[in-house]
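Have a look at data12.csv below; it lists CSV, C-alpha atoms and all ligand atoms.
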chain,number,residue,atom,x,y,z
A,1465,MET,CA,127.8,110.1,83.3
A,1466,GLN,CA,129.2,113.4,84.6
A,1467,TYR,CA,126.6,115.9,85.7
A,1468,GLU,CA,127.4,119.6,85.3
A,1469,GLU,CA,126.0,122.6,87.2
A,1470,SER,CA,125.2,124.3,83.9
A,1471,ARG,CA,122.6,121.5,83.2
A,1472,LEU,CA,120.6,122.2,86.2
A,1473,GLN,CA,116.9,122.6,85.3
A,1474,PRO,CA,114.9,125.7,86.2
A,1475,ILE,CA,112.8,125.4,89.3
A,1476,THR,CA,109.0,125.3,88.7
A,1477,LEU,CA,106.9,125.9,91.8
A,1478,ILE,CA,103.3,126.2,90.8
A,1479,ASP,CA,100.9,128.0,93.1
A,1480,PRO,CA,97.6,126.4,91.9
A,1481,LEU,CA,95.5,129.4,92.9
A,1482,ARG,CA,97.4,131.8,90.7
A,1483,ILE,CA,97.2,129.8,87.4
A,1484,SER,CA,94.3,129.2,85.1
A,1485,ARG,CA,93.4,125.5,85.2
A,1486,PRO,CA,90.9,123.6,83.0
A,1487,HIS,CA,87.9,122.1,84.8
A,1488,TYR,CA,88.3,118.3,85.1
A,1489,ASP,CA,85.6,115.8,84.9
A,1490,SER,CA,85.3,114.4,88.5
A,1491,HIS,CA,84.0,111.0,87.3
A,1492,ARG,CA,87.0,110.1,85.3
A,1493,PRO,CA,90.1,108.4,86.8
A,1494,ALA,CA,93.1,110.7,87.2
A,1495,LEU,CA,95.1,110.4,83.9
A,1496,ASP,CA,98.1,112.5,83.0
A,1497,ASN,CA,98.4,114.2,79.6
A,1498,TYR,CA,100.3,111.2,78.3
A,1499,GLY,CA,97.5,108.8,79.3
A,1500,ARG,CA,99.3,107.3,82.3
A,1501,ARG,CA,97.0,106.4,85.2
A,1502,ILE,CA,98.4,107.9,88.4
A,1503,ASP,CA,97.2,106.1,91.5
A,1504,TYR,CA,100.2,105.8,93.8
A,1505,LEU,CA,101.1,108.5,96.3
A,1506,ARG,CA,104.4,108.4,98.1
A,1507,ILE,CA,104.2,110.5,101.3
A,1508,SER,CA,107.4,111.9,102.9
A,1509,LEU,CA,106.3,112.1,106.6
A,1510,THR,CA,109.5,114.0,107.6
A,1511,ASP,CA,112.7,115.2,106.0
A,1512,ARG,CA,114.6,114.3,109.1
A,1513,CYS,CA,116.6,111.1,109.6
A,1514,ASN,CA,118.5,109.3,112.3
A,1515,LEU,CA,121.1,108.2,109.7
A,1516,ARG,CA,123.3,110.0,107.1
A,1517,CYS,CA,123.7,107.5,104.3
A,1518,VAL,CA,126.5,108.6,102.0
A,1519,TYR,CA,124.4,108.5,98.8
A,1520,CYS,CA,121.5,110.3,100.4
A,1521,MET,CA,122.7,113.2,102.6
A,1522,PRO,CA,125.9,115.1,103.2
A,1523,GLU,CA,127.5,114.4,106.5
A,1524,HIS,CA,127.2,117.9,107.8
A,1525,GLY,CA,125.1,121.0,107.1
A,1526,MET,CA,121.7,119.5,106.5
A,1527,GLN,CA,119.0,122.1,106.8
A,1528,PHE,CA,115.6,120.6,107.9
A,1529,MET,CA,112.2,122.1,107.3
A,1530,PRO,CA,110.9,124.3,110.1
A,1531,LYS,CA,107.9,122.8,112.0
A,1532,ASP,CA,105.4,125.4,110.8
A,1533,GLU,CA,106.1,124.6,107.2
A,1534,LEU,CA,105.2,121.0,107.7
A,1535,LEU,CA,101.6,119.8,106.9
A,1536,THR,CA,99.7,119.1,110.1
A,1537,ASN,CA,98.1,115.7,110.4
A,1538,ASP,CA,94.7,117.1,109.6
A,1539,GLU,CA,96.1,118.7,106.4
A,1540,LEU,CA,97.8,115.5,105.5
A,1541,LEU,CA,94.7,113.4,105.9
A,1542,ARG,CA,92.7,116.0,103.9
A,1543,VAL,CA,95.1,115.6,101.0
A,1544,VAL,CA,95.0,111.8,101.2
A,1545,ARG,CA,91.2,111.9,101.2
A,1546,ALA,CA,91.1,114.2,98.2
A,1547,ALA,CA,93.7,112.1,96.4
A,1548,ALA,CA,91.7,108.9,97.1
A,1549,ALA,CA,88.6,110.6,95.7
A,1550,VAL,CA,90.4,111.3,92.4
A,1551,GLY,CA,91.7,107.7,92.1
A,1552,PHE,CA,94.8,107.2,94.2
A,1553,ARG,CA,94.7,103.7,95.7
A,1554,LYS,CA,98.2,103.0,97.0
A,1555,ILE,CA,100.1,104.9,99.6
A,1556,ARG,CA,103.8,104.6,100.6
A,1557,LEU,CA,105.0,106.3,103.8
A,1558,THR,CA,108.6,107.3,103.6
A,1559,GLY,CA,110.9,110.2,104.5
A,1560,GLY,CA,113.5,111.0,105.8
A,1561,GLU,CA,112.9,108.3,108.2
A,1562,PRO,CA,109.1,107.7,108.8
A,1563,THR,CA,109.7,105.8,112.1
A,1564,LEU,CA,110.9,109.0,113.6
A,1565,ARG,CA,107.2,110.1,113.7
A,1566,ARG,CA,105.9,109.5,117.2
A,1567,ASP,CA,102.3,109.5,115.8
A,1568,LEU,CA,103.1,106.9,113.1
A,1569,VAL,CA,100.8,104.2,114.3
A,1570,PRO,CA,97.6,106.4,114.6
A,1571,LEU,CA,98.5,108.0,111.3
A,1572,VAL,CA,98.6,104.7,109.5
A,1573,ARG,CA,95.2,103.8,111.1
A,1574,ASP,CA,93.7,107.1,109.9
A,1575,ILE,CA,95.1,106.7,106.4
A,1576,LYS,CA,93.9,103.1,106.1
A,1577,ALA,CA,90.4,104.1,107.1
A,1578,ILE,CA,90.1,106.5,104.1
A,1579,ASP,CA,87.6,105.3,101.5
A,1580,GLY,CA,89.5,104.1,98.4
A,1581,ILE,CA,92.9,103.5,100.0
A,1582,GLU,CA,93.6,99.9,99.3
A,1583,HIS,CA,97.2,99.4,100.2
A,1584,ILE,CA,99.8,101.1,102.5
A,1585,ALA,CA,103.5,100.3,102.5
A,1586,MET,CA,106.4,102.0,104.1
A,1587,THR,CA,110.1,102.4,103.3
A,1588,THR,CA,112.3,102.5,106.3
A,1589,ASN,CA,115.9,102.1,107.5
A,1590,ALA,CA,114.4,99.8,110.2
A,1591,VAL,CA,116.7,100.9,113.0
A,1592,LYS,CA,113.6,101.8,115.1
A,1593,LEU,CA,111.1,99.4,113.5
A,1594,ALA,CA,111.3,96.4,115.8
A,1595,PRO,CA,109.3,97.8,118.8
A,1596,ILE,CA,106.5,99.1,116.6
A,1597,ALA,CA,106.2,96.5,113.8
A,1598,HIS,CA,103.2,94.6,115.3
A,1599,ASP,CA,101.4,97.8,116.1
A,1600,LEU,CA,101.9,99.1,112.6
A,1601,LYS,CA,100.5,95.9,111.2
A,1602,ALA,CA,97.5,96.0,113.5
A,1603,ALA,CA,96.9,99.6,112.4
A,1604,GLY,CA,96.7,98.6,108.8
A,1605,LEU,CA,100.2,98.8,107.3
A,1606,ASP,CA,100.5,96.1,104.7
A,1607,ARG,CA,104.2,95.7,104.1
A,1608,VAL,CA,107.6,97.3,104.4
A,1609,ASN,CA,110.7,97.9,102.2
A,1610,ILE,CA,113.9,98.0,104.4
A,1611,SER,CA,117.1,99.6,103.3
A,1612,ILE,CA,120.3,97.6,103.9
A,1613,ASP,CA,123.4,98.3,101.9
A,1614,SER,CA,125.8,95.6,103.1
A,1615,LEU,CA,125.8,92.5,105.3
A,1616,ASP,CA,129.2,93.5,106.7
A,1617,ALA,CA,128.7,95.4,109.9
A,1618,GLU,CA,131.7,97.7,109.4
A,1619,ARG,CA,130.8,98.6,105.8
A,1620,PHE,CA,127.2,99.0,106.8
A,1621,ALA,CA,128.2,101.5,109.4
A,1622,GLN,CA,130.4,103.3,106.8
A,1623,MET,CA,127.6,103.5,104.3
A,1624,THR,CA,125.1,104.8,106.8
A,1625,ARG,CA,127.6,106.9,108.8
A,1626,GLY,CA,127.1,105.1,112.0
A,1627,ALA,CA,124.1,102.7,112.1
A,1628,ARG,CA,124.3,99.3,113.7
A,1629,LEU,CA,123.5,96.4,111.4
A,1630,SER,CA,122.1,94.4,114.3
A,1631,ASP,CA,119.3,97.0,114.8
A,1632,VAL,CA,118.3,96.5,111.2
A,1633,TRP,CA,118.3,92.7,111.5
A,1634,ALA,CA,116.0,93.2,114.5
A,1635,GLY,CA,113.7,95.3,112.4
A,1636,ILE,CA,113.8,92.7,109.5
A,1637,ASN,CA,112.9,89.9,111.9
A,1638,ALA,CA,110.1,91.9,113.6
A,1639,ALA,CA,108.7,92.9,110.2
A,1640,GLU,CA,108.6,89.3,109.2
A,1641,SER,CA,107.0,88.0,112.4
A,1642,ALA,CA,104.4,90.9,112.3
A,1643,GLY,CA,103.4,89.9,108.7
A,1644,LEU,CA,104.6,93.1,107.0
A,1645,THR,CA,105.3,90.9,104.0
A,1646,PRO,CA,106.2,90.2,101.3
A,1647,LEU,CA,109.4,91.8,102.5
A,1648,LYS,CA,111.6,93.8,100.2
A,1649,LEU,CA,115.1,94.8,101.0
A,1650,ASN,CA,116.6,97.8,99.2
A,1651,MET,CA,120.3,98.1,98.5
A,1652,VAL,CA,121.7,101.3,96.8
A,1653,VAL,CA,124.8,100.1,95.0
A,1654,VAL,CA,127.7,102.5,94.8
A,1655,ARG,CA,130.8,101.5,92.9
A,1656,GLY,CA,133.9,101.2,95.1
A,1657,LEU,CA,131.8,101.4,98.3
A,1658,ASN,CA,129.5,98.4,98.5
A,1659,ASP,CA,129.3,96.9,95.0
A,1660,HIS,CA,131.2,93.8,96.1
A,1661,ASP,CA,128.5,93.1,98.8
A,1662,VAL,CA,125.9,92.4,96.1
A,1663,LEU,CA,126.5,88.7,95.9
A,1664,GLU,CA,126.0,88.2,99.7
A,1665,LEU,CA,122.7,90.0,99.5
A,1666,VAL,CA,121.7,87.9,96.5
A,1667,ALA,CA,122.5,84.7,98.5
A,1668,LEU,CA,119.8,85.7,101.1
A,1669,THR,CA,117.2,84.8,98.5
A,1670,LEU,CA,118.4,81.1,98.7
A,1671,GLN,CA,116.9,80.8,102.2
A,1672,HIS,CA,114.3,83.6,102.4
A,1673,ASP,CA,111.3,84.4,100.2
A,1674,TRP,CA,112.4,88.1,100.2
A,1675,GLU,CA,112.9,90.3,97.2
A,1676,ILE,CA,116.3,92.0,97.3
A,1677,ARG,CA,116.3,95.1,95.1
A,1678,PHE,CA,119.5,96.7,93.8
A,1679,ILE,CA,119.0,100.4,93.1
A,1680,GLU,CA,121.3,102.4,90.8
A,1681,VAL,CA,122.5,105.4,92.8
A,1682,MET,CA,120.8,108.6,91.5
A,1683,PRO,CA,122.4,112.1,91.4
A,1684,LEU,CA,120.1,114.0,93.8
A,1685,THR,CA,121.2,117.3,95.2
A,1686,GLY,CA,123.9,117.0,97.9
A,1687,VAL,CA,125.2,113.7,96.7
A,1688,ALA,CA,125.7,114.1,92.9
A,1689,ASP,CA,129.5,113.5,93.4
A,1690,VAL,CA,128.8,110.0,94.8
A,1691,ALA,CA,126.5,109.3,91.8
A,1692,ASN,CA,128.9,110.7,89.2
A,1693,ASP,CA,131.4,107.8,89.5
A,1694,GLY,CA,129.2,105.4,91.5
A,1695,VAL,CA,126.6,104.1,89.2
A,1696,VAL,CA,127.0,100.3,88.6
A,1697,PRO,CA,124.7,99.5,85.6
A,1698,SER,CA,122.4,96.6,86.4
A,1699,SER,CA,123.7,94.7,83.4
A,1700,GLU,CA,127.1,94.6,85.0
A,1701,LEU,CA,125.7,93.2,88.3
A,1702,ILE,CA,123.7,90.6,86.4
A,1703,GLY,CA,127.0,89.4,84.8
A,1704,ARG,CA,128.6,89.1,88.2
A,1705,ILE,CA,125.6,87.3,89.7
A,1706,GLU,CA,125.5,84.8,86.9
A,1707,SER,CA,129.2,84.0,87.2
A,1708,GLU,CA,128.6,83.1,90.8
A,1709,PHE,CA,125.2,81.5,90.8
A,1710,GLY,CA,124.7,80.3,87.2
A,1711,PRO,CA,122.1,81.5,84.7
A,1712,ILE,CA,119.2,83.4,86.4
A,1713,ILE,CA,115.5,83.3,85.5
A,1714,ASP,CA,114.3,86.6,83.9
A,1715,TYR,CA,110.7,87.5,84.9
A,1716,GLY,CA,110.8,90.9,83.2
A,1717,MET,CA,109.0,94.0,84.5
A,1718,HIS,CA,105.4,94.0,85.6
A,1719,ALA,CA,102.9,96.8,85.3
A,1720,ALA,CA,104.0,99.9,87.2
A,1721,ASP,CA,106.7,98.1,89.3
A,1722,PRO,CA,110.0,99.8,88.5
A,1723,ALA,CA,112.0,96.6,89.3
A,1724,HIS,CA,113.1,94.2,86.6
A,1725,ARG,CA,112.8,90.8,88.5
A,1726,TYR,CA,115.0,87.8,88.3
A,1727,GLN,CA,115.5,84.6,90.3
A,1728,ILE,CA,118.3,82.3,91.0
A,1729,ARG,CA,117.3,78.7,90.1
A,1730,SER,CA,116.1,77.0,93.3
A,1731,ALA,CA,116.0,80.2,95.3
A,1732,LYS,CA,113.0,81.0,97.5
A,1733,GLY,CA,113.1,84.7,96.9
A,1734,PHE,CA,113.7,87.1,94.0
A,1735,ILE,CA,116.2,89.8,93.0
A,1736,GLY,CA,115.1,93.0,91.4
A,1737,PHE,CA,116.9,95.8,89.6
A,1738,ILE,CA,115.8,99.4,89.7
A,1739,SER,CA,117.7,101.0,86.9
A,1740,SER,CA,116.4,104.6,86.9
A,1741,VAL,CA,119.7,105.9,85.4
A,1742,SER,CA,120.7,103.3,82.8
A,1743,GLU,CA,117.2,102.1,81.8
A,1744,PRO,CA,114.5,104.7,82.8
A,1745,PHE,CA,111.0,103.3,83.2
A,1746,CYS,CA,109.1,106.7,82.9
A,1747,SER,CA,106.6,105.3,80.4
A,1748,THR,CA,104.9,103.1,83.1
A,1749,CYS,CA,105.3,105.6,85.9
A,1750,ASN,CA,102.1,105.7,88.1
A,1751,ARG,CA,103.3,107.8,91.0
A,1752,MET,CA,103.5,111.2,92.5
A,1753,ARG,CA,105.1,112.4,95.8
A,1754,LEU,CA,103.8,114.5,98.6
A,1755,THR,CA,106.6,116.3,100.5
A,1756,ALA,CA,106.5,116.9,104.2
A,1757,ASP,CA,105.9,120.6,103.5
A,1758,GLY,CA,102.9,119.9,101.4
A,1759,ARG,CA,104.1,120.0,97.8
A,1760,LEU,CA,103.0,117.5,95.2
A,1761,HIS,CA,106.4,116.7,93.5
A,1762,LEU,CA,105.5,115.5,90.0
A,1763,CYS,CA,108.6,113.5,89.0
A,1764,LEU,CA,111.3,112.2,91.3
A,1765,LEU,CA,114.1,113.6,89.1
A,1766,ARG,CA,112.6,116.9,88.1
A,1767,ASP,CA,111.9,120.0,90.2
A,1768,ASP,CA,108.3,120.7,89.2
A,1769,GLU,CA,106.0,121.0,92.2
A,1770,VAL,CA,102.4,122.1,93.0
A,1771,ASP,CA,102.0,123.9,96.3
A,1772,LEU,CA,99.1,122.1,98.0
A,1773,ARG,CA,99.9,123.7,101.4
A,1774,ALA,CA,99.3,127.2,100.0
A,1775,ALA,CA,96.0,126.0,98.7
A,1776,LEU,CA,95.0,124.3,101.9
A,1777,ARG,CA,96.0,127.4,104.0
A,1778,SER,CA,94.1,129.7,101.8
A,1779,GLY,CA,90.9,127.8,102.6
A,1780,VAL,CA,90.1,125.8,99.4
A,1781,ASP,CA,87.1,123.5,99.7
A,1782,ASP,CA,87.3,119.7,99.0
A,1783,ASP,CA,86.1,120.0,95.4
A,1784,GLU,CA,88.7,122.6,94.6
A,1785,LEU,CA,91.4,120.5,96.3
A,1786,MET,CA,90.4,117.6,94.1
A,1787,GLN,CA,90.6,119.8,91.0
A,1788,ILE,CA,94.1,121.0,92.0
A,1789,ILE,CA,95.3,117.4,92.4
A,1790,ARG,CA,93.7,116.4,89.1
A,1791,HIS,CA,95.6,119.3,87.5
A,1792,ALA,CA,98.9,118.2,89.1
A,1793,VAL,CA,98.3,114.7,87.7
A,1794,ALA,CA,97.5,116.1,84.2
A,1795,ILE,CA,100.7,118.2,84.0
A,1796,LYS,CA,103.1,115.5,85.4
A,1797,PRO,CA,106.2,115.6,83.2
A,1798,TRP,CA,106.8,112.8,80.8
A,1799,GLY,CA,110.1,111.7,82.2
A,1800,HIS,CA,113.4,112.8,83.8
A,1801,GLY,CA,116.4,114.5,82.1
A,1802,LEU,CA,119.2,112.3,83.4
A,1803,PRO,CA,120.0,110.9,79.9
A,1804,ASP,CA,120.7,114.5,78.9
A,1805,GLY,CA,122.7,115.2,82.0
A,1806,ILE,CA,119.9,117.4,83.5
A,1807,LEU,CA,119.8,117.3,87.3
A,1808,PRO,CA,117.1,118.2,89.8
A,1809,THR,CA,118.2,120.8,92.2
A,1810,ILE,CA,115.8,121.7,94.9
A,1811,ARG,CA,115.4,118.6,97.1
A,1812,GLY,CA,117.7,115.8,98.2
A,1813,MET,CA,116.4,112.2,98.3
A,1814,SER,CA,115.8,112.5,102.1
A,1815,ALA,CA,113.2,115.2,101.4
A,1816,LEU,CA,111.6,113.2,98.6
A,1817,GLY,CA,111.4,109.7,100.0
A,1818,GLY,CA,112.9,107.7,97.1
B,1901,LIG,N1,114.9,106.4,105.4
B,1901,LIG,C1,114.2,105.4,104.7
B,1901,LIG,C2,115.1,104.4,104.1
B,1901,LIG,O1,116.3,104.7,104.0
B,1901,LIG,O2,114.6,103.4,103.6
B,1901,LIG,C3,113.2,106.0,103.7
B,1901,LIG,C4,113.7,107.2,102.9
B,1901,LIG,S1,115.0,106.8,101.7
B,1901,LIG,C5,115.2,108.4,101.0
B,1901,LIG,C6,114.1,105.9,100.5
B,1901,LIG,C7,114.9,105.1,99.6
B,1901,LIG,O3,115.7,105.9,98.8
B,1901,LIG,C8,115.8,104.1,100.3
B,1901,LIG,O4,115.6,102.8,99.8
B,1901,LIG,C9,117.2,104.7,99.9
B,1901,LIG,O5,118.1,103.6,99.9
B,1901,LIG,C10,116.9,105.3,98.6
B,1901,LIG,N2,117.9,106.3,98.2
B,1901,LIG,C11,118.4,107.3,99.0
B,1901,LIG,N3,119.3,108.1,98.2
B,1901,LIG,C12,119.4,107.5,97.0
B,1901,LIG,C13,120.1,107.8,95.8
B,1901,LIG,N4,120.9,108.9,95.8
B,1901,LIG,N5,119.9,107.0,94.7
B,1901,LIG,C14,119.0,106.0,94.8
B,1901,LIG,N6,118.3,105.7,95.9
B,1901,LIG,C15,118.5,106.4,97.0
B,1902,LIG,FE1,118.1,108.4,106.1
B,1902,LIG,FE2,117.0,106.8,104.4
B,1902,LIG,FE3,118.5,108.8,103.5
B,1902,LIG,FE4,119.6,106.8,104.7
B,1902,LIG,S1,118.5,106.7,102.8
B,1902,LIG,S2,120.0,109.0,105.1
B,1902,LIG,S3,118.1,106.2,106.2
B,1902,LIG,S4,116.6,109.0,104.6
In C-alpha cells, write the structure found in this file.
Amino acid sequence: MQYEESRLQPITLIDPLRISRPHYDSHRPALDNYGRRIDYLRISLTDRCNLRCVYCMPEHGMQFMPKDELLTNDELLRVVRAAAAVGFRKIRLTGGEPTLRRDLVPLVRDIKAIDGIEHIAMTTNAVKLAPIAHDLKAAGLDRVNISIDSLDAERFAQMTRGARLSDVWAGINAAESAGLTPLKLNMVVVRGLNDHDVLELVALTLQHDWEIRFIEVMPLTGVADVANDGVVPSSELIGRIESEFGPIIDYGMHAADPAHRYQIRSAKGFIGFISSVSEPFCSTCNRMRLTADGRLHLCLLRDDEVDLRAALRSGVDDDELMQIIRHAVAIKPWGHGLPDGILPTIRGMSALGG
C-alpha cells in the first residue's frame, strides 16, 4: 500500500464545552454508537523517549510537548477516576517511554487504588526497567509488554538507533523475576530491516512461556515511508514459520485482544500476530487513548480527539467530566481508513502509545 498526502484525513479536535451533547444515563456501561463496550484506557505518560526506533520516530527534529501542556498528576488521576466511574476497567501505561517518568511507581500505586480499576499493564522498551521492576510490581503493576525488534545486538541497535540489547535482556529478566507476567514481547516487523529475525524470536517460545507478538508496521506520521514498503503481512510470516517449525496450532482471536494467537507444537509459549494493516480488528475494539497533553484520542489510526484538558482547566465538576468521557466513547469512530489509503496526521506513535 502506498499512502499519499492527498488522502490525509481532516483533523477533528473537539472542545467538549463548545458542542451540544446528549445527556447520558450514568447507570449504563459506556457503549459506543456501534454497541462496542469501551473499557480499556491506554495512557501515554510522556511523548519523550530515550530511543528513536526507525518505525516510530524520525532520527532528528522531534518536537516534544511543552511541560505546561501536559496533564499534572492530579489531572491525570481525576481523569482515570472519572473513566473508572463510567466503566473503564483496564489501564495500560505507555508513551513515549513510560519509565522516563521519575514518579512512575507512586503513579502506579495511585491508579491501582482507584475504585473500579482491575488491571494495570505497561508497554516499555525496558532499557530502564530492571532497577524498578520489583517496586512497580509492589505498587500494583500487573504485567508488562516489552519491545524487542531483533535478538542480534547490532541489528537491534540499528532498529532503535542506539540501544543496547543487553539492557533490554536485563529488563526482561527483572520483569520475570518480579512477576510482571505473563510476559509479552513485541516485535514490529519491517521488511528488509528485521523480518529475517522473526524465526529467532519465535524460537524463544520453545524455552519460555512468553507470548511473542509480531506487529505489522503502521504508517503513523513521521514514519509513513518506512511503512509504505515495510509491511510484511502476517500470512507471509506464518508461511515462513511453518517451513521452519512445522504446522502451528491456531488458537484464533479472543474477545478484545487484537492478537491472533498460534503455538508451535511442544512450545511453552505462544506467538501472536497483530495485523492492523492487513486484517483490521476494529469490530472488537474496546479501547481509547489518553495523550500526555490530555486529549482522548478516539481511534489509533484516526485524528479525532476530545480535549479533556480544556474541560479540566475550565473547572468542570466530576459529573460533567464523566458525561464528557461518555460522549467521547459514544462518538468513537467505527474503524480506521488504512484500507482506503487514509492516514492519520497529527500524532506519531510515540505520542499515542501504540
Ligand atoms: N516506548 C515503549 C515501547 O517501545 O514499548 C512504549 C511506546 S511504543 C510507541 C508502543 C508500541 O508501539 C511498541 O510496541 C512499539 O513497538 C509500537 N510501535 C511504534 N511505532 C509503530 C509503528 N509505526 N507501527 C506499529 N507499531 C509501532
Ligand atoms: Fe521510543 Fe517506544 Fe517509539 Fe521506540 S517504539 S522510539 S522505544 S516510543
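Using only C-alpha atoms, the smallest distance between any of A:Val1780, A:Asn1658, A:Pro1595, A:Glu1539 and Ala1617 (chain A) comes from A:Asn1658.
Candidate residues A:Leu1557, A:Val1695, A:Met1526, A:Leu1481 were compared for distance to Val1569 (chain A), and the nearest is A:Leu1557, using only C-alpha atoms.
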If the box runs along x, y and z of the file and leaves 5 Å on each side of ligand LIG 1902 (chain B), what are its centre and edge lengths in Å, one decimal, as AutoDock Vina command-line options?
--center_x 118.3 --center_y 107.6 --center_z 104.5 --size_x 13.4 --size_y 12.8 --size_z 13.4
Within 7 Å of ligand LIG 1902 (chain B): each chain A residue with its shortest pair, all atoms listed in the file, as a Markdown table:
| residue | atom | partner | partner_atom | distance |
| --- | --- | --- | --- | --- |
| A:Cys1513 | CA | B:LIG1902 | FE1 | 4.7 |
| A:Asn1514 | CA | B:LIG1902 | FE1 | 6.3 |
| A:Leu1515 | CA | B:LIG1902 | FE1 | 4.7 |
| A:Arg1516 | CA | B:LIG1902 | S2 | 4.0 |
| A:Cys1517 | CA | B:LIG1902 | S2 | 4.1 |
| A:Cys1520 | CA | B:LIG1902 | FE3 | 4.6 |
| A:Met1521 | CA | B:LIG1902 | S2 | 5.6 |
| A:Gly1559 | CA | B:LIG1902 | S4 | 5.8 |
| A:Gly1560 | CA | B:LIG1902 | S4 | 3.9 |
| A:Glu1561 | CA | B:LIG1902 | S4 | 5.2 |
| A:Thr1588 | CA | B:LIG1902 | FE2 | 6.6 |
| A:Asn1589 | CA | B:LIG1902 | S3 | 4.8 |
| A:Thr1624 | CA | B:LIG1902 | FE4 | 6.2 |
| A:Met1813 | CA | B:LIG1902 | FE3 | 6.6 |
| A:Ser1814 | CA | B:LIG1902 | S4 | 4.4 |
| A:Gly1817 | CA | B:LIG1902 | S4 | 7.0 |
Serialized selection, C-alpha atoms, as an mmCIF file, in the frame of the given file:
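File produced: again.cif:
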data_model
loop_
_atom_site.group_PDB
_atom_site.id
_atom_site.type_symbol
_atom_site.label_atom_id
_atom_site.label_comp_id
_atom_site.auth_asym_id
_atom_site.auth_seq_id
_atom_site.Cartn_x
_atom_site.Cartn_y
_atom_site.Cartn_z
ATOM 1 C CA CYS A 1513 116.600 111.100 109.600
ATOM 2 C CA ASN A 1514 118.500 109.300 112.300
ATOM 3 C CA LEU A 1515 121.100 108.200 109.700
ATOM 4 C CA ARG A 1516 123.300 110.000 107.100
ATOM 5 C CA CYS A 1517 123.700 107.500 104.300
ATOM 6 C CA CYS A 1520 121.500 110.300 100.400
ATOM 7 C CA MET A 1521 122.700 113.200 102.600
ATOM 8 C CA GLY A 1559 110.900 110.200 104.500
ATOM 9 C CA GLY A 1560 113.500 111.000 105.800
ATOM 10 C CA GLU A 1561 112.900 108.300 108.200
ATOM 11 C CA THR A 1588 112.300 102.500 106.300
ATOM 12 C CA ASN A 1589 115.900 102.100 107.500
ATOM 13 C CA THR A 1624 125.100 104.800 106.800
ATOM 14 C CA MET A 1813 116.400 112.200 98.300
ATOM 15 C CA SER A 1814 115.800 112.500 102.100
ATOM 16 C CA GLY A 1817 111.400 109.700 100.000
#
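We find CA of Thr1685 (chain A) and CA of Ile1702 (chain A) to be spaced 28.2 Å apart.
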For Leu1534 (chain A): contacts at 9 Å, all atoms listed in the file, fewer than 4 positions along chain excluded, given as an NGL selection string:
:A and (1510 or 1529-1530 or 1755-1758 or 1773)
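Using all atoms listed in the file, the smallest distance between any of A:Gln1622, A:Thr1587, A:Ser1508, A:Thr1558 and Leu1760 (chain A) comes from A:Ser1508.
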